[in-house]
Number of protein chains: 2
Amino acid sequence: MKIFIGGINEYEGKEVVLCGWAVNVRSSGKIHFIQFRDGTGFLQTVVDEAAVSKESLEEIKKITIESAIELQGVVSKHPKHDEYELQVKKLVLLSRAEEYPIGKKEHGPDFLLDNRHLWLRSSRQWAIQRIRNTIINATYEFLNKERFIKIDSPILTPTSCEGTTTLFEVDYFGEKAYLTQSGQLYLEAAIFSLGRVFDFGPVFRAEKSKTRRHLIEFWMMDAEAAFVEHEENLKIQENLISFIVKEVLNKNKRELEILERDLKILENTKPPFYRLTHAEAIKKLRAKGSNIGETDDLGGNDETMLTKMYDKPVFIEKYPAQVKAFYMKRDPKDSTRVLNADLLAPEGYGEIIGGSQREDNYEELLKRMKEHKMPIEPFQWYLDLRKYGSVPHSGFGYGLERIVAWICGLEHVRESIPFPRLLNRMRP
Amino acid sequence: MKIFIGGINEYEGKEVVLCGWAVNVRSSGKIHFIQFRDGTGFLQTVVDEAAVSKESLEEIKKITIESAIELQGVVSKHPKHDEYELQVKKLVLLSRAEEYPIGKKEHGPDFLLDNRHLWLRSSRQWAIQRIRNTIINATYEFLNKERFIKIDSPILTPTSCEGTTTLFEVDYFGEKAYLTQSGQLYLEAAIFSLGRVFDFGPVFRAEKSKTRRHLIEFWMMDAEAAFVEHEENLKIQENLISFIVKEVLNKNKRELEILERDLKILENTKPPFYRLTHAEAIKKLRAKGSNIGETDDLGGNDETMLTKMYDKPVFIEKYPAQVKAFYMKRDPKDSTRVLNADLLAPEGYGEIIGGSQREDNYEELLKRMKEHKMPIEPFQWYLDLRKYGSVPHSGFGYGLERIVAWICGLEHVRESIPFPRLLNRMRP
């Protein structure tokens, strides 16, 4: 019976076959220990020379790190730990690996990124990608349950609402097209058909910045819902993030261990999250010695400083209108501010979600667009949405890599995506 | 209690609130019927003038098609059909729609595509997007169960393995980058870490073709699995497609009705699928009068002709090596052919999946690359995978829009994606 390490607990005492790779081999007299992995997990396997054929023993001598092997043996429970082992009866060397370039010593980030296709195999990178997968799936599960329908917004777009300086340009059969930075406007169109929708795809920022929070290409999930106003918008977000964290805690214990993640704050990530208005946040920052102005946007350092004060995520809401996008609805209680919120992850991680209620009045929206000196014609379709059955609606977008980085406790987002695109790096 | 039409069956006899849009209003004496939708479904609502206030009645007079309304009333079962209705007690007009441009008469495709942001609201487009959503979710569910981990392959890539004529080029900080056409090579790297992986994202083809099967930007799901050989590769594919179709049949009865889809072939889509070798397919085509050559690739018309002979999907396997990609493994029984298969959907739809076992031997792969006159250096990382623990492996890629088009019975793929990018069309 060919099985995976991931389901080995169902086979105690049974004879099974496993295919995978050798992580390490050590010997103690006539017993050989092969540390083994198959993509679904890691397993200690034990070869007692007395229990295997001469052919199998010959094969063991040839095993190098990363060699592919097939093992036949009996599953046993580890005498002390809550783990399983394989008592090997037969071993076949499927392919012998050349001397493996990673792992003997500490490597610099450039070497590791150059060898990303191999670096992915390290237990740390394996753990990160498994957690990323859980986060993606938890997002689908939560949004499904909340009746959001996936609407794939386009990547090639004719215009941008936030200037073209950080956009990648593409020649679209003689016309200029740009790689998208957000599908939000398209999702707003789709809510009038489907009520609640989301997209989840790559977005692009041609930004010459080299920080631990920036990637050139990253994955964003945008959600948009009809008849949802500011308060409910925040509730959906805190429930989503709490559900994601709970799923990771349930499904990725081993992975979090490999990453040596401190679980305290993750376990604390339950609704309600903290909430500050922008004005309150500025006050707190100034009290800590920051010279941030009262109507300034929060920068990366401000977010770091602020989130170190909290033991779970915190919403900063109601920013000054002038530092936020044209489509955000004004706060009826203070028209200089908008009904938005950024969600900041604790432990210094900062923004993981940005969202707002949207302006749903045709005249107001047109006024904002003119104030922002936007061309009207290319956005007429967007204005149309306020002509034909406009409704109050809200939405938000999360940056997948920032959520992965926070939940995994990574220092740099470059580890959070399988093949990072950075300034001057798009290989392999 | 604010509810959605999608869950109305739980509220029979109860008073509820619904928010959505008016599809149509007709009156019969003192009874008004408002056909209503909220994104999750359609509902007949009944306003008896005797049961509502004067204010509500005034509002009804103002309702135009696509106006946004809030209804309060009691859920009742339709006297004859297996449907629910709402006996309205109160009606609020949230926003009155201007005269709606779609629906009064037949529209040409250009008008509809220009108004895609509104066209999406039609019941037919609503049904297609809901089915697309089911297909996406069924894909995730199936692949999860089969232990595939999502690995997002990059969109911006430095090289292509199939020439640059149909690639979109991007200036990546002074270097040439291209928009991806498949993540396969990257997934092959990831199986050595995670065993089984998939991606699911947009791909791009700068092709000047205008057929009912082609989009410039479309969504592709690539799956890749270590230790899976040709036969098992086909099994995974037929199980996946069968599961997807079953899910749509279960979850989208109403949507399939709206599309007037003939269900016979969908209900018949169960494993095993038909299988023909390429040689057998050529024979059948020539018997039908085609002049296709024995080592020719199948064109769109060939696929149409062939698939009209079958009542469920059919695999065409073992194509001549010279018409297929360099990375496909040769058939050990006939080295002029490869261990590949294309899966064709019936009813004339044609290719929905392409897949193969991959060449896992370093020397063989290098030889193929040289035969294809490919540069070696940019693909050295891909060759590396055969140096360090190479294993037999296989994979396949499905085109989401083609599957949507087949399952929904669409004539053109342009309806299968929310915002289609076609030759000379990227608006809205």
# chains A, B, ... in the order shown; residues from 1 in each chain; ligands from 1
>>> residues_around(residues="region 375-389 of chain B", least_positions_apart="5", cutoff="10 Å", atoms="only C-alpha atoms", output="ChimeraX atom specification")
/A:20-22,64-69,93-101,114-118,427-428 /B:158-161,185-186,188-192,359-363,365-366,369-370
>>> select_by_dssp(residues="region 117-223 of chain A", states="helix (DSSP H, G or I)", output="PyMOL selection string")
chain A and resi 117-119+123-145+184-194
>>> write_last_selection(atoms="N, CA, C and O atoms", output="short mmCIF file (atom, residue, chain, number, x, y, z; two decimals), in the first residue's frame")
data_model
loop_
_atom_site.label_atom_id
_atom_site.label_comp_id
_atom_site.auth_asym_id
_atom_site.auth_seq_id
_atom_site.Cartn_x
_atom_site.Cartn_y
_atom_site.Cartn_z
N HIS A 117 14.64 27.61 -6.46
CA HIS A 117 14.06 26.34 -6.91
C HIS A 117 14.51 25.18 -6.02
O HIS A 117 13.83 24.16 -5.96
N LEU A 118 15.66 25.32 -5.35
CA LEU A 118 16.12 24.28 -4.42
C LEU A 118 15.83 24.68 -2.96
O LEU A 118 15.46 23.84 -2.14
N TRP A 119 15.99 25.96 -2.68
CA TRP A 119 15.78 26.48 -1.33
C TRP A 119 14.38 26.13 -0.82
O TRP A 119 14.18 25.88 0.38
N SER A 123 13.12 22.76 5.27
CA SER A 123 11.93 22.54 6.09
C SER A 123 11.24 23.86 6.41
O SER A 123 10.01 23.94 6.48
N ARG A 124 12.04 24.92 6.57
CA ARG A 124 11.46 26.23 6.86
C ARG A 124 10.60 26.73 5.68
O ARG A 124 9.48 27.20 5.87
N GLN A 125 11.12 26.61 4.48
CA GLN A 125 10.36 27.08 3.32
C GLN A 125 9.14 26.19 3.07
O GLN A 125 8.08 26.66 2.65
N TRP A 126 9.32 24.91 3.31
CA TRP A 126 8.20 23.97 3.22
C TRP A 126 7.08 24.39 4.16
O TRP A 126 5.90 24.46 3.77
N ALA A 127 7.47 24.71 5.40
CA ALA A 127 6.47 25.10 6.41
C ALA A 127 5.74 26.37 5.98
O ALA A 127 4.51 26.47 6.10
N ILE A 128 6.48 27.34 5.48
CA ILE A 128 5.86 28.62 5.07
C ILE A 128 4.85 28.38 3.94
O ILE A 128 3.74 28.90 3.98
N GLN A 129 5.22 27.59 2.96
CA GLN A 129 4.30 27.37 1.84
C GLN A 129 3.07 26.56 2.27
O GLN A 129 1.97 26.76 1.74
N ARG A 130 3.24 25.66 3.20
CA ARG A 130 2.09 24.91 3.71
C ARG A 130 1.14 25.85 4.47
O ARG A 130 -0.08 25.73 4.36
N ILE A 131 1.69 26.77 5.22
CA ILE A 131 0.84 27.73 5.95
C ILE A 131 0.17 28.68 4.96
O ILE A 131 -1.02 28.98 5.09
N ARG A 132 0.93 29.13 3.96
CA ARG A 132 0.33 29.97 2.91
C ARG A 132 -0.88 29.26 2.29
O ARG A 132 -1.94 29.86 2.08
N ASN A 133 -0.73 27.98 2.04
CA ASN A 133 -1.83 27.19 1.46
C ASN A 133 -3.04 27.15 2.39
O ASN A 133 -4.18 27.29 1.95
N THR A 134 -2.79 26.98 3.68
CA THR A 134 -3.90 26.99 4.65
C THR A 134 -4.61 28.34 4.65
O THR A 134 -5.84 28.41 4.69
N ILE A 135 -3.83 29.41 4.60
CA ILE A 135 -4.40 30.76 4.61
C ILE A 135 -5.29 30.97 3.37
O ILE A 135 -6.41 31.49 3.46
N ILE A 136 -4.81 30.53 2.22
CA ILE A 136 -5.58 30.66 0.98
C ILE A 136 -6.89 29.89 1.10
O ILE A 136 -7.98 30.41 0.83
N ASN A 137 -6.80 28.64 1.54
CA ASN A 137 -8.00 27.81 1.64
C ASN A 137 -8.98 28.31 2.70
O ASN A 137 -10.19 28.25 2.49
N ALA A 138 -8.44 28.81 3.80
CA ALA A 138 -9.32 29.35 4.85
C ALA A 138 -10.07 30.57 4.31
O ALA A 138 -11.24 30.79 4.64
N THR A 139 -9.41 31.35 3.49
CA THR A 139 -10.04 32.53 2.90
C THR A 139 -11.21 32.12 2.02
O THR A 139 -12.31 32.68 2.13
N TYR A 140 -10.99 31.14 1.16
CA TYR A 140 -12.09 30.64 0.32
C TYR A 140 -13.23 30.12 1.19
O TYR A 140 -14.40 30.41 0.94
N GLU A 141 -12.88 29.31 2.19
CA GLU A 141 -13.92 28.70 3.01
C GLU A 141 -14.77 29.75 3.72
O GLU A 141 -16.00 29.69 3.71
N PHE A 142 -14.08 30.73 4.30
CA PHE A 142 -14.81 31.78 5.02
C PHE A 142 -15.71 32.57 4.08
O PHE A 142 -16.88 32.81 4.36
N LEU A 143 -15.15 32.98 2.95
CA LEU A 143 -15.92 33.82 2.02
C LEU A 143 -17.09 33.05 1.40
O LEU A 143 -18.16 33.61 1.19
N ASN A 144 -16.88 31.78 1.12
CA ASN A 144 -17.98 30.95 0.64
C ASN A 144 -19.14 30.95 1.61
O ASN A 144 -20.29 31.11 1.24
N LYS A 145 -18.79 30.71 2.87
CA LYS A 145 -19.79 30.62 3.93
C LYS A 145 -20.56 31.94 4.05
O LYS A 145 -21.75 31.95 4.35
N GLN A 184 -10.65 46.26 -7.34
CA GLN A 184 -11.81 46.80 -6.62
C GLN A 184 -12.90 47.40 -7.48
O GLN A 184 -14.09 47.09 -7.32
N LEU A 185 -12.53 48.27 -8.42
CA LEU A 185 -13.57 48.94 -9.21
C LEU A 185 -14.40 47.92 -9.99
O LEU A 185 -15.61 48.06 -10.12
N TYR A 186 -13.74 46.88 -10.49
CA TYR A 186 -14.46 45.83 -11.22
C TYR A 186 -15.38 45.05 -10.29
O TYR A 186 -16.49 44.67 -10.67
N LEU A 187 -14.90 44.82 -9.08
CA LEU A 187 -15.75 44.11 -8.11
C LEU A 187 -16.98 44.93 -7.76
O LEU A 187 -18.06 44.38 -7.55
N GLU A 188 -16.80 46.24 -7.70
CA GLU A 188 -17.97 47.09 -7.41
C GLU A 188 -19.04 46.89 -8.49
O GLU A 188 -20.23 46.88 -8.19
N ALA A 189 -18.61 46.74 -9.74
CA ALA A 189 -19.60 46.47 -10.80
C ALA A 189 -20.30 45.13 -10.55
O ALA A 189 -21.51 45.01 -10.73
N ALA A 190 -19.53 44.14 -10.11
CA ALA A 190 -20.07 42.78 -9.99
C ALA A 190 -21.04 42.61 -8.83
O ALA A 190 -21.91 41.74 -8.87
N ILE A 191 -20.93 43.44 -7.78
CA ILE A 191 -21.87 43.27 -6.66
C ILE A 191 -23.30 43.51 -7.09
O ILE A 191 -24.23 42.97 -6.50
N PHE A 192 -23.50 44.31 -8.14
CA PHE A 192 -24.86 44.59 -8.60
C PHE A 192 -25.48 43.38 -9.29
O PHE A 192 -26.68 43.33 -9.51
N SER A 193 -24.63 42.42 -9.65
CA SER A 193 -25.14 41.16 -10.19
C SER A 193 -25.22 40.10 -9.11
O SER A 193 -26.20 39.39 -9.00
N LEU A 194 -24.16 40.01 -8.29
CA LEU A 194 -23.99 38.84 -7.42
C LEU A 194 -24.04 39.16 -5.92
O LEU A 194 -23.91 38.26 -5.10
#
>>> residues_around(residues="Asp152 (chain A)", least_positions_apart="3", cutoff="9 Å", atoms="only C-alpha atoms", output="JSON, numbers by chain")
{"A": [155, 183, 186, 187, 198, 199, 200, 201], "B": [202, 219, 417, 418, 419]}
>>> write_last_selection(atoms="N, CA and C atoms", output="compact mmCIF listing (two decimals), in the first residue's frame")
# COMPACT_ATOMS: atom_id res chain seq x y z
N ILE A 155 -6.45 41.56 -15.22
CA ILE A 155 -5.07 41.98 -14.91
C ILE A 155 -4.65 43.11 -15.86
N GLY A 183 -8.38 45.01 -8.07
CA GLY A 183 -9.57 44.73 -8.87
C GLY A 183 -10.82 45.42 -8.34
N TYR A 186 -13.74 46.88 -10.49
CA TYR A 186 -14.46 45.83 -11.22
C TYR A 186 -15.38 45.05 -10.29
N LEU A 187 -14.90 44.82 -9.08
CA LEU A 187 -15.75 44.11 -8.11
C LEU A 187 -16.98 44.93 -7.76
N PHE A 198 -15.62 38.42 -4.51
CA PHE A 198 -14.21 38.64 -4.19
C PHE A 198 -13.35 38.23 -5.37
N ASP A 199 -12.16 38.79 -5.43
CA ASP A 199 -11.16 38.28 -6.36
C ASP A 199 -9.94 37.90 -5.54
N PHE A 200 -9.02 37.18 -6.15
CA PHE A 200 -7.83 36.74 -5.43
C PHE A 200 -6.81 36.42 -6.52
N GLY A 201 -5.92 37.36 -6.75
CA GLY A 201 -4.98 37.16 -7.84
C GLY A 201 -3.77 38.06 -7.68
N PRO B 202 -4.05 33.89 -13.67
CA PRO B 202 -4.20 34.39 -15.04
C PRO B 202 -2.98 34.07 -15.89
N TRP B 219 -7.80 32.24 -17.30
CA TRP B 219 -7.34 31.61 -16.05
C TRP B 219 -7.03 30.14 -16.28
N ILE B 417 -15.92 34.69 -18.65
CA ILE B 417 -15.03 35.43 -17.75
C ILE B 417 -15.66 36.79 -17.47
N PRO B 418 -15.51 37.29 -16.23
CA PRO B 418 -16.24 38.52 -15.90
C PRO B 418 -15.94 39.70 -16.84
N PHE B 419 -14.66 39.98 -17.09
CA PHE B 419 -14.31 41.11 -17.94
C PHE B 419 -13.35 40.64 -19.03
>>> closest_residue(among="B:Met221, B:Lys288, B:Pro332, B:Pro392", to="chain A", atoms="only C-alpha atoms")
B:Pro392
>>> atom_distance(atom1="CA of Gly39 (chain B)", atom2="CA of His81 (chain B)")
21.5 Å
